[in-house]
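> Take a look at final.cif, mmCIF, C-alpha atoms:
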```cif
data_query
loop_
_atom_site.label_atom_id
_atom_site.label_comp_id
_atom_site.auth_asym_id
_atom_site.auth_seq_id
_atom_site.Cartn_x
_atom_site.Cartn_y
_atom_site.Cartn_z
CA MET B 1394 105.31 85.58 121.46
CA GLU B 1395 107.45 87.40 118.96
CA ILE B 1396 110.55 87.26 121.15
CA LYS B 1397 110.39 83.46 121.30
CA ILE B 1398 110.24 83.22 117.52
CA VAL B 1399 113.31 85.38 117.04
CA LYS B 1400 115.23 83.20 119.51
CA GLN B 1401 114.37 80.09 117.56
CA ILE B 1402 115.65 81.56 114.32
CA LEU B 1403 118.78 82.87 116.02
CA GLU B 1404 119.62 79.52 117.61
CA TRP B 1405 119.09 77.69 114.35
CA ASN B 1406 121.26 80.28 112.66
CA GLU B 1407 124.09 79.73 115.15
CA ASP B 1408 124.22 76.02 114.35
CA VAL B 1409 124.38 76.65 110.62
CA SER B 1410 127.01 79.37 111.03
CA GLU B 1411 129.25 76.77 112.71
CA GLU B 1412 128.80 74.53 109.66
CA VAL B 1413 129.83 77.39 107.40
CA LYS B 1414 132.89 78.04 109.55
CA ALA B 1415 133.89 74.37 109.37
CA ALA B 1416 133.51 74.22 105.58
CA LEU B 1417 135.60 77.36 105.11
CA SER B 1418 138.28 76.27 107.62
CA GLU B 1419 138.74 73.05 105.70
CA HIS B 1420 139.68 75.07 102.61
CA LYS B 1421 141.46 77.84 104.51
CA VAL B 1422 139.06 80.48 103.28
CA CYS B 1423 138.64 83.67 105.31
CA LEU B 1424 135.06 85.04 105.38
CA ILE B 1425 134.54 88.78 105.85
CA ASN B 1426 131.10 90.19 106.62
CA VAL B 1427 130.78 93.82 105.44
CA MET B 1428 127.87 95.73 106.94
CA GLY B 1429 126.51 99.27 107.02
CA SER B 1430 123.58 101.53 106.16
CA PRO B 1431 122.25 101.88 102.63
CA GLY B 1432 124.73 104.04 100.73
CA ALA B 1433 127.47 103.96 103.38
CA GLY B 1434 129.90 102.72 100.72
CA LYS B 1435 129.99 98.94 101.16
CA THR B 1436 130.44 98.15 97.47
CA SER B 1437 133.03 100.90 97.05
CA LEU B 1438 135.04 99.56 99.99
CA ILE B 1439 134.86 96.03 98.58
CA THR B 1440 136.11 97.17 95.17
CA ASP B 1441 138.94 99.00 96.99
CA ILE B 1442 139.84 95.80 98.87
CA ILE B 1443 139.81 93.86 95.60
CA ASN B 1444 142.04 96.39 93.82
CA ARG B 1445 144.57 96.46 96.66
CA LEU B 1446 144.61 92.79 97.68
CA ARG B 1447 143.87 90.84 94.51
CA GLU B 1448 147.59 90.32 93.83
CA THR B 1449 148.01 88.83 97.31
CA TYR B 1450 144.82 86.79 97.75
CA ARG B 1451 142.30 85.05 95.53
CA ILE B 1452 139.04 86.83 96.31
CA GLY B 1453 135.38 85.90 95.86
CA VAL B 1454 132.30 87.98 96.65
CA ILE B 1455 128.71 87.34 97.69
CA GLU B 1456 126.51 90.37 97.07
CA GLY B 1457 123.40 90.57 99.21
CA ASP B 1458 120.52 92.71 98.04
CA ILE B 1459 116.81 92.75 98.52
CA ALA B 1460 116.30 93.16 94.78
CA GLY B 1461 118.40 93.57 91.66
CA ALA B 1462 122.03 92.82 90.83
CA ILE B 1463 123.56 96.31 90.46
CA ASP B 1464 126.50 95.65 92.80
CA ALA B 1465 127.21 92.13 91.57
CA ASP B 1466 127.51 93.52 88.03
CA LYS B 1467 130.22 95.92 89.23
CA ILE B 1468 132.23 93.11 90.86
CA ASP B 1469 131.75 90.81 87.88
CA LYS B 1470 133.23 93.47 85.57
CA MET B 1471 136.40 93.36 87.72
CA GLY B 1472 136.81 89.67 86.81
CA ILE B 1473 136.15 88.46 90.35
CA PRO B 1474 133.90 85.44 91.04
CA VAL B 1475 130.65 86.84 92.43
CA VAL B 1476 127.22 85.48 93.28
CA GLN B 1477 124.19 87.67 93.88
CA LEU B 1478 121.94 86.73 96.77
CA GLN B 1479 118.51 88.31 96.44
CA THR B 1480 116.74 88.17 99.79
CA ASP B 1481 113.40 89.11 98.23
CA GLY B 1482 112.47 91.52 101.00
CA ALA B 1483 114.43 90.10 103.93
CA CYS B 1484 116.49 92.63 105.82
CA HIS B 1485 119.59 90.56 106.58
CA ILE B 1486 121.55 87.51 105.42
CA GLU B 1487 121.38 84.26 107.37
CA ALA B 1488 124.01 81.55 107.66
CA MET B 1489 121.73 79.15 105.78
CA SER B 1490 121.94 81.30 102.67
CA ILE B 1491 125.73 81.42 102.89
CA ARG B 1492 125.93 77.64 103.35
CA HIS B 1493 123.84 77.21 100.21
CA MET B 1494 125.88 79.70 98.23
CA LEU B 1495 129.26 78.15 99.05
CA SER B 1496 128.43 75.49 96.45
CA PHE B 1497 128.66 78.13 93.71
CA PHE B 1498 132.32 78.77 94.48
CA ASN B 1499 135.35 76.55 94.03
CA LEU B 1500 136.62 76.97 97.60
CA GLY B 1501 139.98 75.41 96.73
CA GLU B 1502 140.64 78.42 94.50
CA ILE B 1503 139.61 81.16 96.94
CA ASP B 1504 141.45 82.66 99.93
CA VAL B 1505 139.00 85.36 100.89
CA LEU B 1506 135.23 85.42 100.56
CA ILE B 1507 133.70 88.85 101.11
CA VAL B 1508 129.99 89.10 101.87
CA GLU B 1509 128.27 92.42 101.28
CA ASN B 1510 125.34 92.27 103.68
CA ILE B 1511 121.99 94.05 103.21
CA GLY B 1512 122.17 97.82 103.76
CA ASN B 1513 120.89 97.97 107.32
CA LEU B 1514 122.50 98.92 110.65
CA VAL B 1515 120.18 96.70 112.67
CA CYS B 1516 119.30 93.14 111.70
CA PRO B 1517 122.51 91.96 109.97
CA ALA B 1518 124.42 92.43 113.25
CA GLU B 1519 122.20 89.84 114.94
CA PHE B 1520 123.02 87.02 112.55
CA ASN B 1521 126.40 85.34 112.46
CA ILE B 1522 127.01 84.00 108.97
CA GLY B 1523 130.15 82.04 109.86
CA GLU B 1524 132.44 85.04 109.36
CA ASP B 1525 136.00 85.35 110.62
CA MET B 1526 135.76 89.10 110.65
CA ARG B 1527 133.17 91.84 110.66
CA VAL B 1528 133.73 95.20 109.03
CA ALA B 1529 131.17 97.89 109.83
CA ILE B 1530 131.00 101.07 107.77
CA LEU B 1531 129.62 104.35 109.05
CA SER B 1532 129.71 107.25 106.60
CA VAL B 1533 130.20 110.85 107.73
CA PRO B 1534 126.88 112.11 106.29
CA GLU B 1535 124.97 109.63 108.50
CA GLY B 1536 126.00 111.53 111.61
CA ASP B 1537 128.05 110.98 114.74
CA ASP B 1538 125.23 109.62 116.95
CA LYS B 1539 124.85 106.28 115.17
CA VAL B 1540 126.96 104.21 117.58
CA GLU B 1541 124.66 105.20 120.43
CA LYS B 1542 121.53 104.51 118.36
CA TYR B 1543 122.57 101.18 116.82
CA PRO B 1544 124.89 99.71 119.44
CA LEU B 1545 124.94 96.02 118.45
CA MET B 1546 126.48 96.69 115.03
CA PHE B 1547 129.38 98.54 116.58
CA ALA B 1548 129.74 96.31 119.64
CA THR B 1549 130.36 93.24 117.46
CA THR B 1550 132.59 94.57 114.71
CA ASP B 1551 136.33 93.99 114.29
CA ALA B 1552 136.84 97.16 112.29
CA LEU B 1553 134.90 100.37 111.88
CA VAL B 1554 135.49 102.24 108.65
CA ILE B 1555 134.41 105.89 108.88
CA ASN B 1556 133.77 106.40 105.18
CA LYS B 1557 133.25 109.56 103.08
CA TYR B 1558 135.87 111.16 105.31
CA ASP B 1559 136.48 113.76 102.56
CA MET B 1560 133.03 115.12 103.46
CA MET B 1561 134.10 116.09 107.00
CA PRO B 1562 134.19 119.84 106.17
CA TYR B 1563 130.52 119.75 105.08
CA PHE B 1564 128.95 117.92 108.01
CA GLU B 1565 128.99 118.37 111.75
CA PHE B 1566 130.59 115.06 112.61
CA ASP B 1567 132.41 114.67 115.89
CA GLU B 1568 134.92 111.90 115.19
CA GLU B 1569 136.00 111.78 118.83
CA ARG B 1570 132.42 111.09 119.90
CA VAL B 1571 132.28 108.11 117.55
CA ARG B 1572 135.67 106.80 118.64
CA ARG B 1573 134.76 107.17 122.33
CA ASN B 1574 131.39 105.44 121.89
CA VAL B 1575 132.91 102.57 119.93
CA SER B 1576 135.72 102.07 122.39
CA ASP B 1577 133.22 102.03 125.28
CA LEU B 1578 131.26 99.24 123.56
CA ASN B 1579 134.06 97.33 121.95
CA ALA B 1580 137.69 97.70 122.97
CA LYS B 1581 138.94 95.43 120.17
CA ALA B 1582 137.49 97.43 117.26
CA HIS B 1583 139.98 99.23 115.02
CA VAL B 1584 138.75 102.53 113.58
CA PHE B 1585 139.85 103.66 110.11
CA PRO B 1586 138.94 107.02 108.58
CA VAL B 1587 138.61 106.33 104.85
CA SER B 1588 137.40 108.02 101.71
CA THR B 1589 136.66 105.45 99.03
CA LYS B 1590 136.27 108.43 96.67
CA THR B 1591 139.71 110.06 97.18
CA GLY B 1592 141.49 106.93 98.41
CA GLN B 1593 142.45 108.52 101.73
CA GLY B 1594 142.99 105.94 104.46
CA ALA B 1595 142.26 102.96 102.22
CA LEU B 1596 145.89 101.77 102.30
CA GLU B 1597 145.95 101.74 106.11
CA PHE B 1598 142.70 99.80 106.26
CA CYS B 1599 143.69 97.27 103.61
CA THR B 1600 147.11 96.74 105.21
CA TRP B 1601 145.42 95.90 108.51
CA LEU B 1602 142.89 93.67 106.74
CA SER B 1603 145.62 91.85 104.83
CA GLU B 1604 147.45 91.04 108.06
CA LYS B 1605 144.27 89.73 109.66
CA ILE B 1606 143.57 87.55 106.61
CA ALA B 1607 147.13 86.18 106.70
CA GLU B 1608 146.72 85.21 110.37
CA LYS B 1609 143.53 83.35 109.57
CA ILE B 1610 144.77 81.54 106.49
CA LYS B 1611 147.98 80.35 108.17
CA LYS B 1612 146.02 78.51 110.84
CA MET X 244 109.58 77.74 108.15
CA GLU X 245 110.73 81.29 108.59
CA ILE X 246 108.41 82.62 105.88
CA LYS X 247 105.35 81.26 107.70
CA ILE X 248 106.37 82.99 110.91
CA VAL X 249 106.76 86.35 109.24
CA LYS X 250 103.31 86.00 107.70
CA GLN X 251 101.76 85.37 111.08
CA ILE X 252 103.31 88.49 112.57
CA LEU X 253 102.29 90.54 109.55
CA GLU X 254 98.66 89.40 109.69
CA TRP X 255 98.43 90.06 113.40
CA ASN X 256 99.97 93.46 112.79
CA GLU X 257 97.33 94.33 110.16
CA ASP X 258 94.51 93.71 112.66
CA VAL X 259 96.12 95.90 115.29
CA SER X 260 96.86 98.66 112.78
CA GLU X 261 93.13 98.83 112.04
CA GLU X 262 92.49 99.31 115.77
CA VAL X 263 95.01 102.16 115.84
CA LYS X 264 93.32 103.75 112.82
CA ALA X 265 89.91 103.53 114.50
CA ALA X 266 91.17 105.09 117.75
CA LEU X 267 92.80 107.96 115.89
CA SER X 268 89.80 108.52 113.60
CA GLU X 269 87.56 108.90 116.61
CA HIS X 270 89.69 111.82 117.80
CA LYS X 271 90.43 113.14 114.31
CA VAL X 272 94.16 112.63 114.71
CA CYS X 273 96.32 112.24 111.59
CA LEU X 274 99.18 109.74 111.96
CA ILE X 275 102.31 110.25 109.86
CA ASN X 276 104.95 107.49 109.59
CA VAL X 277 108.40 108.94 108.82
CA MET X 278 110.93 106.42 107.54
CA GLY X 279 114.45 106.37 106.10
CA SER X 280 118.01 105.13 106.57
CA PRO X 281 120.06 105.94 109.65
CA GLY X 282 121.15 109.56 109.33
CA ALA X 283 118.88 110.42 106.39
CA GLY X 284 117.48 113.33 108.40
CA LYS X 285 114.26 112.03 109.92
CA THR X 286 114.53 114.02 113.16
CA SER X 287 115.60 117.16 111.31
CA LEU X 288 112.59 116.89 109.00
CA ILE X 289 110.26 116.38 111.96
CA THR X 290 111.63 119.46 113.74
CA ASP X 291 111.11 121.38 110.47
CA ILE X 292 107.51 120.19 110.30
CA ILE X 293 106.97 121.21 113.93
CA ASN X 294 108.45 124.68 113.39
CA ARG X 295 106.35 125.33 110.28
CA LEU X 296 103.06 123.71 111.30
CA ARG X 297 102.82 124.12 115.08
CA GLU X 298 100.77 127.31 114.73
CA THR X 299 98.26 125.44 112.54
CA TYR X 300 98.09 122.02 114.20
CA ARG X 301 98.63 120.54 117.66
CA ILE X 302 101.46 118.07 117.14
CA GLY X 303 102.67 115.04 119.11
CA VAL X 304 105.66 112.81 118.35
CA ILE X 305 106.61 109.18 118.96
CA GLU X 306 110.37 108.66 118.63
CA GLY X 307 111.40 105.15 117.75
CA ASP X 308 114.94 104.06 118.50
CA ILE X 309 116.69 100.82 119.27
CA ALA X 310 118.42 102.43 122.22
CA GLY X 311 118.68 105.82 123.88
CA ALA X 312 116.51 108.95 123.78
CA ILE X 313 118.68 111.43 121.86
CA ASP X 314 115.95 112.43 119.40
CA ALA X 315 113.13 112.54 121.96
CA ASP X 316 115.21 114.99 124.00
CA LYS X 317 115.42 117.30 120.98
CA ILE X 318 111.64 117.25 120.47
CA ASP X 319 110.95 117.66 124.18
CA LYS X 320 113.07 120.82 124.23
CA MET X 321 110.72 122.26 121.57
CA GLY X 322 107.82 121.92 124.04
CA ILE X 323 106.07 119.23 122.00
CA PRO X 324 104.55 116.13 123.66
CA VAL X 325 106.87 113.26 122.84
CA VAL X 326 107.24 109.64 123.91
CA GLN X 327 110.34 107.55 123.28
CA LEU X 328 109.81 103.99 122.09
CA GLN X 329 112.90 101.87 122.64
CA THR X 330 112.63 98.72 120.57
CA ASP X 331 115.56 97.09 122.39
CA GLY X 332 117.09 95.68 119.23
CA ALA X 333 114.05 95.35 116.99
CA CYS X 334 114.47 96.84 113.54
CA HIS X 335 111.01 98.33 113.00
CA ILE X 336 107.93 99.56 114.87
CA GLU X 337 104.79 97.44 114.99
CA ALA X 338 101.19 98.58 115.32
CA MET X 339 100.98 96.95 118.74
CA SER X 340 103.60 99.35 120.10
CA ILE X 341 101.73 102.34 118.69
CA ARG X 342 98.43 101.13 120.17
CA HIS X 343 100.10 100.87 123.55
CA MET X 344 101.71 104.29 123.27
CA LEU X 345 98.50 106.13 122.34
CA SER X 346 97.59 105.94 126.03
CA PHE X 347 100.46 108.31 126.82
CA PHE X 348 98.90 111.11 124.74
CA ASN X 349 95.74 113.10 125.31
CA LEU X 350 94.32 112.46 121.84
CA GLY X 351 91.64 115.11 122.27
CA GLU X 352 94.44 117.70 122.34
CA ILE X 353 96.40 116.48 119.31
CA ASP X 354 95.75 116.91 115.59
CA VAL X 355 98.87 115.29 114.19
CA LEU X 356 100.90 112.42 115.61
CA ILE X 357 104.26 111.97 113.91
CA VAL X 358 106.09 108.66 114.32
CA GLU X 359 109.82 108.57 113.65
CA ASN X 360 110.43 104.97 112.70
CA ILE X 361 113.69 103.04 113.21
CA GLY X 362 116.45 104.07 110.81
CA ASN X 363 116.12 101.29 108.27
CA LEU X 364 115.04 101.20 104.60
CA VAL X 365 113.79 97.62 104.81
CA CYS X 366 111.65 96.31 107.66
CA PRO X 367 109.64 99.40 108.66
CA ALA X 368 108.04 99.45 105.19
CA GLU X 369 106.53 96.00 105.82
CA PHE X 370 104.59 97.00 108.92
CA ASN X 371 101.55 99.27 108.80
CA ILE X 372 101.26 101.10 112.09
CA GLY X 373 97.82 102.61 111.40
CA GLU X 374 99.27 105.60 109.57
CA ASP X 375 97.34 107.94 107.30
CA MET X 376 100.47 108.90 105.47
CA ARG X 377 103.98 107.64 104.88
CA VAL X 378 106.92 109.95 104.31
CA ALA X 379 110.13 108.31 103.11
CA ILE X 380 113.41 110.18 103.21
CA LEU X 381 116.37 109.43 100.95
CA SER X 382 119.43 111.62 101.43
CA VAL X 383 121.72 112.56 98.57
CA PRO X 384 124.87 110.97 100.11
CA GLU X 385 123.11 107.57 100.17
CA GLY X 386 123.17 107.41 96.38
CA ASP X 387 120.73 107.32 93.50
CA ASP X 388 120.34 103.52 93.29
CA LYS X 389 118.40 103.08 96.51
CA VAL X 390 114.92 102.94 94.97
CA GLU X 391 115.97 99.95 92.89
CA LYS X 392 117.62 98.25 95.87
CA TYR X 393 114.91 98.85 98.49
CA PRO X 394 111.74 98.96 96.39
CA LEU X 395 109.04 98.34 99.02
CA MET X 396 109.88 101.51 100.98
CA PHE X 397 109.44 103.66 97.90
CA ALA X 398 106.50 101.72 96.45
CA THR X 399 104.39 102.37 99.54
CA THR X 400 105.20 105.98 100.41
CA ASP X 401 103.00 109.02 99.87
CA ALA X 402 105.92 111.42 99.72
CA LEU X 403 109.61 111.05 99.04
CA VAL X 404 111.84 113.74 100.52
CA ILE X 405 115.24 113.87 98.83
CA ASN X 406 117.15 115.37 101.75
CA LYS X 407 120.62 116.96 102.02
CA TYR X 408 119.90 118.45 98.60
CA ASP X 409 122.54 121.11 99.32
CA MET X 410 125.09 118.29 98.97
CA MET X 411 124.24 117.68 95.30
CA PRO X 412 127.49 119.33 94.07
CA TYR X 413 129.58 116.88 96.10
CA PHE X 414 127.98 113.58 95.15
CA GLU X 415 127.16 111.87 91.88
CA PHE X 416 123.42 111.71 92.38
CA ASP X 417 121.15 111.40 89.36
CA GLU X 418 117.88 112.92 90.56
CA GLU X 419 116.11 111.95 87.34
CA ARG X 420 117.01 108.29 87.93
CA VAL X 421 115.41 108.44 91.38
CA ARG X 422 112.30 110.23 90.12
CA ARG X 423 111.91 107.77 87.24
CA ASN X 424 112.35 104.73 89.50
CA VAL X 425 109.88 106.06 92.06
CA SER X 426 107.29 106.96 89.47
CA ASP X 427 107.61 103.46 87.92
CA LEU X 428 106.88 101.87 91.31
CA ASN X 429 104.44 104.36 92.71
CA ALA X 430 102.60 106.92 90.59
CA LYS X 431 101.01 108.61 93.61
CA ALA X 432 104.28 109.52 95.39
CA HIS X 433 105.17 113.23 95.53
CA VAL X 434 108.90 113.96 95.38
CA PHE X 435 110.34 116.94 97.28
CA PRO X 436 113.99 118.01 97.11
CA VAL X 437 114.75 119.41 100.55
CA SER X 438 117.71 120.53 102.62
CA THR X 439 116.83 120.48 106.29
CA LYS X 440 120.17 122.26 106.81
CA THR X 441 119.62 125.28 104.51
CA GLY X 442 115.81 125.16 104.56
CA GLN X 443 115.59 124.75 100.78
CA GLY X 444 112.36 123.01 99.71
CA ALA X 445 111.03 122.65 103.24
CA LEU X 446 108.22 125.17 102.66
CA GLU X 447 106.99 123.30 99.57
CA PHE X 448 107.01 120.00 101.44
CA CYS X 449 105.29 121.35 104.55
CA THR X 450 102.65 123.15 102.47
CA TRP X 451 101.79 119.87 100.75
CA LEU X 452 101.80 118.03 104.08
CA SER X 453 99.57 120.63 105.71
CA GLU X 454 96.99 120.25 102.93
CA LYS X 455 97.03 116.47 103.31
CA ILE X 456 96.57 116.77 107.08
CA ALA X 457 93.67 119.18 106.60
CA GLU X 458 91.93 116.72 104.25
CA LYS X 459 92.26 113.96 106.82
CA ILE X 460 91.17 115.98 109.84
CA LYS X 461 88.07 117.37 108.09
CA LYS X 462 86.72 113.88 107.46
#
```
Is it possible to express this structure as structure tokens?

Amino acid sequence: MEIKIVKQILEWNEDVSEEVKAALSEHKVCLINVMGSPGAGKTSLITDIINRLRETYRIGVIEGDIAGAIDADKIDKMGIPVVQLQTDGACHIEAMSIRHMLSFFNLGEIDVLIVENIGNLVCPAEFNIGEDMRVAILSVPEGDDKVEKYPLMFATTDALVINKYDMMPYFEFDEERVRRNVSDLNAKAHVFPVSTKTGQGALEFCTWLSEKIAEKIKK
Amino acid sequence: MEIKIVKQILEWNEDVSEEVKAALSEHKVCLINVMGSPGAGKTSLITDIINRLRETYRIGVIEGDIAGAIDADKIDKMGIPVVQLQTDGACHIEAMSIRHMLSFFNLGEIDVLIVENIGNLVCPAEFNIGEDMRVAILSVPEGDDKVEKYPLMFATTDALVINKYDMMPYFEFDEERVRRNVSDLNAKAHVFPVSTKTGQGALEFCTWLSEKIAEKIKK
């Protein structure tokens, strides 16, 4: 019984995600879906992207949280248009919420819309939200077995950021294991070791991201 | 529409969780539901509990994972009865799965059944599985804002283990903020700073847990 219900929601979600894609294409807006565990560094990566790419692209942000507006406050202080989505307990963001929230942005004045999904390695990966790109974050303290344990997230991402890379000396984290597991699941995924704290690797990641955004916006 | 569906599953789940409780009560088995983010240290805490309490109690383990059997292998090597539940994509464990899995244990020969839930701070908290006790783990690298962002997990737990406490010098983690937020939500929750790596705090936590188990089993 439960499996049928999930299928219904997922099919419905696919239809709406196509509507989101169409609305964004019309305005040449690139949607990026940022996902990862609680505390993996999603907000820190997004503020890094903003700092490095705000001269090149006009950026907007949707912050997804179950409760509160802690992260949206941080983005707002940077002078970036941001809307907080409170899912009130739900563990992922659906395309329907994104469709609704597009009305809060002036899409003619935005090139890149970044969605910070709910901190969760499971459910968000199941729901397309109309994104052009997925960025998954795995932080070193979470451990090197996460690709095997949560395969869908890593099988469907365009980029994997291995964050908190400055913590490598303090954790047993086999980077090769992660890279091997990801490449087995997903040959297209680019892997970027990053420390949002020290800045290491952030330039490489943002350079790649900027090129991907340019490709999308030109179309 | 979606909200109605979730309610139906949750109500159904409550009925089954009562059946699990009754089956365990009959055999005086204490069920402990261990929850936390991916990589917070759930398996490490469970192996700590086993090492410290296996002389006192007969322990069994249910390992919940979306895919694979990495953690069950670790427990099996310790000579502890363990069953792997693969949820095949699902983000939490439901009471129905636990009811089914009880048949794989000889309940007359077990005092404590520990369930390692799916790595997820959201959905597992919504589903009672017939547990006598909940243990939530938050690791220092995840950050000190997680109680505000994922309130249900912390509002419903009996104990909060702040794990990877040896990493405190390397992260900005305001322990008082976490303790204050937890106590606002949940006056009954006991907070234990622990490092499953160095062993710090594990004795205090396991002593408390052992007393709680004894209370339950005596009944």
> Kindly give the distance, in Å, that separates CA of Glu1524 in chain B and CA of Arg1573 in chain B, rounded to a single decimal.
25.8 Å
> Return the neighbours of chain B among the residues of chain X, cut-off 8 Å, counting all atoms listed in the file, as a compact mmCIF listing (two decimals) with C-alpha atoms, in the coordinates of the input.

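Just written: out.txt:
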```txt
# COMPACT_ATOMS: atom_id res chain seq x y z
CA GLU X 245 110.73 81.29 108.59
CA ILE X 248 106.37 82.99 110.91
CA ILE X 252 103.31 88.49 112.57
CA SER X 280 118.01 105.13 106.57
CA PRO X 281 120.06 105.94 109.65
CA GLY X 282 121.15 109.56 109.33
CA ALA X 283 118.88 110.42 106.39
CA ASP X 308 114.94 104.06 118.50
CA ILE X 309 116.69 100.82 119.27
CA ALA X 310 118.42 102.43 122.22
CA GLY X 311 118.68 105.82 123.88
CA GLY X 332 117.09 95.68 119.23
CA ALA X 333 114.05 95.35 116.99
CA CYS X 334 114.47 96.84 113.54
CA GLY X 362 116.45 104.07 110.81
CA ASN X 363 116.12 101.29 108.27
CA LEU X 364 115.04 101.20 104.60
CA VAL X 365 113.79 97.62 104.81
CA CYS X 366 111.65 96.31 107.66
CA PRO X 384 124.87 110.97 100.11
CA GLU X 385 123.11 107.57 100.17
CA GLY X 386 123.17 107.41 96.38
CA LYS X 389 118.40 103.08 96.51
CA GLU X 391 115.97 99.95 92.89
CA LYS X 392 117.62 98.25 95.87
CA TYR X 393 114.91 98.85 98.49
CA PRO X 394 111.74 98.96 96.39
CA LEU X 395 109.04 98.34 99.02
```
> Name the closest residue to Ser260 in chain X among the candidates X:Val434, X:Ala402, X:Ile336, X:Leu452; distances are taken between atoms, counting only C-alpha atoms.
X:Ile336
> Once the PyMOL selection byres ((chain B and resi 1498-1510) around 6) has been applied to the shown file, what residues remain in the selection, as a list in words?
His1420, Val1422, Cys1423, Leu1424, Ile1425, Asn1426, Val1427, Met1428, Tyr1450, Arg1451, Ile1452, Gly1453, Val1454, Ile1455, Glu1456, Gly1457, Leu1495, Ser1496, Phe1497 and Ile1511 of chain B
> Let's have the selection written as an mmCIF file, in the frame of the given file, with C-alpha atoms.

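And here's out-v1.cif as it stands now:
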```cif
data_model
loop_
_atom_site.group_PDB
_atom_site.id
_atom_site.type_symbol
_atom_site.label_atom_id
_atom_site.label_comp_id
_atom_site.auth_asym_id
_atom_site.auth_seq_id
_atom_site.Cartn_x
_atom_site.Cartn_y
_atom_site.Cartn_z
ATOM 1 C CA HIS B 1420 139.680 75.070 102.610
ATOM 2 C CA VAL B 1422 139.060 80.480 103.280
ATOM 3 C CA CYS B 1423 138.640 83.670 105.310
ATOM 4 C CA LEU B 1424 135.060 85.040 105.380
ATOM 5 C CA ILE B 1425 134.540 88.780 105.850
ATOM 6 C CA ASN B 1426 131.100 90.190 106.620
ATOM 7 C CA VAL B 1427 130.780 93.820 105.440
ATOM 8 C CA MET B 1428 127.870 95.730 106.940
ATOM 9 C CA TYR B 1450 144.820 86.790 97.750
ATOM 10 C CA ARG B 1451 142.300 85.050 95.530
ATOM 11 C CA ILE B 1452 139.040 86.830 96.310
ATOM 12 C CA GLY B 1453 135.380 85.900 95.860
ATOM 13 C CA VAL B 1454 132.300 87.980 96.650
ATOM 14 C CA ILE B 1455 128.710 87.340 97.690
ATOM 15 C CA GLU B 1456 126.510 90.370 97.070
ATOM 16 C CA GLY B 1457 123.400 90.570 99.210
ATOM 17 C CA LEU B 1495 129.260 78.150 99.050
ATOM 18 C CA SER B 1496 128.430 75.490 96.450
ATOM 19 C CA PHE B 1497 128.660 78.130 93.710
ATOM 20 C CA ILE B 1511 121.990 94.050 103.210
#
```
> Please measure the separation of CA of Ala1465 in chain B and CA of His1583 in chain B, giving the value in Å to one decimal.
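Those two atoms sit 27.6 Å apart.
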> Kindly give the distance, in Å, that separates CA of Gln1477 in chain B and CA of Leu1417 in chain B, rounded to a single decimal.
19.0 Å
> Which polymer residues have any atom within 7 Å of an atom of Leu1578 in chain B, counting all atoms listed in the file, with same-chain residues fewer than 3 positions away left out, as an MDAnalysis selection string?
chainID B and resid 1548 1574:1575
> Would you export the selected residues with C-alpha atoms as a PDB file, in the coordinates of the input, please?

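Saved result, out-v2.pdb, follows:
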```pdb
ATOM      1  CA  ALA B1548     129.740  96.310 119.640  1.00  0.00           C
ATOM      2  CA  ASN B1574     131.390 105.440 121.890  1.00  0.00           C
ATOM      3  CA  VAL B1575     132.910 102.570 119.930  1.00  0.00           C
TER       4      VAL B1575
END
```
> If the PyMOL selection byres ((chain X and resi 337) around 7) is run on the structure shown, which residues does it catch, given as a list in words?
Asn256, His335, Ile336, Ala338, Met339, Ser340, Ile341, Phe370 and Ile372 of chain X
> Go ahead and fit an axis-aligned box to every listed atom of range 425-436 of chain X plus 5 Å each side, and pass me the centre and edge lengths in Å, one decimal, as JSON.

```
{"center_x": 107.5, "center_y": 109.9, "center_z": 92.6, "size_x": 23.0, "size_y": 26.1, "size_z": 19.4}
```
> Choose the residue, out of B:Thr1449, B:Arg1492, B:Thr1550, B:Val1475, that has the smallest atom-to-atom separation from Gly1523 in chain B; count all atoms listed in the file.
B:Arg1492
> Taking into account only C-alpha atoms, which residue in the set B:Ile1610, B:Pro1517, B:Ile1468, B:Tyr1558 is nearest to Thr1591 in chain B?
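Among the listed residues, the smallest separation from Thr1591 in chain B belongs to B:Tyr1558.
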> With all atoms listed in the file as the counted atoms, please give the residues lying no more than 9 Å from Thr1440 in chain B, apart from itself and same-chain residues fewer than 5 positions off, as a list of chain:residue names.
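So the residues in contact are B:Lys1435, B:Arg1445, B:Lys1467, B:Ile1468, B:Met1471.
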> Can you give me, as a list in words, the residues this file yields under the PyMOL selection byres ((chain B and resi 1551) around 7)?
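Here the PyMOL selection byres ((chain B and resi 1551) around 7) matches Met1526, Arg1527, Val1528, Thr1549, Thr1550, Ala1552, Leu1553, Lys1581, Ala1582 and His1583 of chain B.
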> Do you know which residues are at most 8 Å from Leu1446 in chain B counting only C-alpha atoms, after dropping those on the same chain fewer than 4 positions away, and could you put them as a list in words?
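Once the nearby chain positions are removed, what remains is Ile1442, Tyr1450, Cys1599 and Ser1603 of chain B.
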> Produce a file of the selected residues containing C-alpha atoms, as a PDB file, in the coordinates of the input.

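Dumped everything to again-v7.pdb:
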```
ATOM      1  CA  ILE B1442     139.840  95.800  98.870  1.00  0.00           C
ATOM      2  CA  TYR B1450     144.820  86.790  97.750  1.00  0.00           C
ATOM      3  CA  CYS B1599     143.690  97.270 103.610  1.00  0.00           C
ATOM      4  CA  SER B1603     145.620  91.850 104.830  1.00  0.00           C
TER       5      SER B1603
END
```
> Write out as a list in words each polymer residue whose atoms come within 6 Å of Val1554 in chain B, counting all atoms listed in the file; drop sequence neighbours fewer than 3 positions from it.
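Those residues are Ile1530, Val1584, Phe1585 and Pro1586 of chain B.
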> Put those residues in a file: C-alpha atoms, as a CSV table (one decimal), in the frame of the given file.

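Okay, out-v3.csv is ready:
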```
chain,number,residue,atom,x,y,z
B,1530,ILE,CA,131.0,101.1,107.8
B,1584,VAL,CA,138.8,102.5,113.6
B,1585,PHE,CA,139.8,103.7,110.1
B,1586,PRO,CA,138.9,107.0,108.6
```
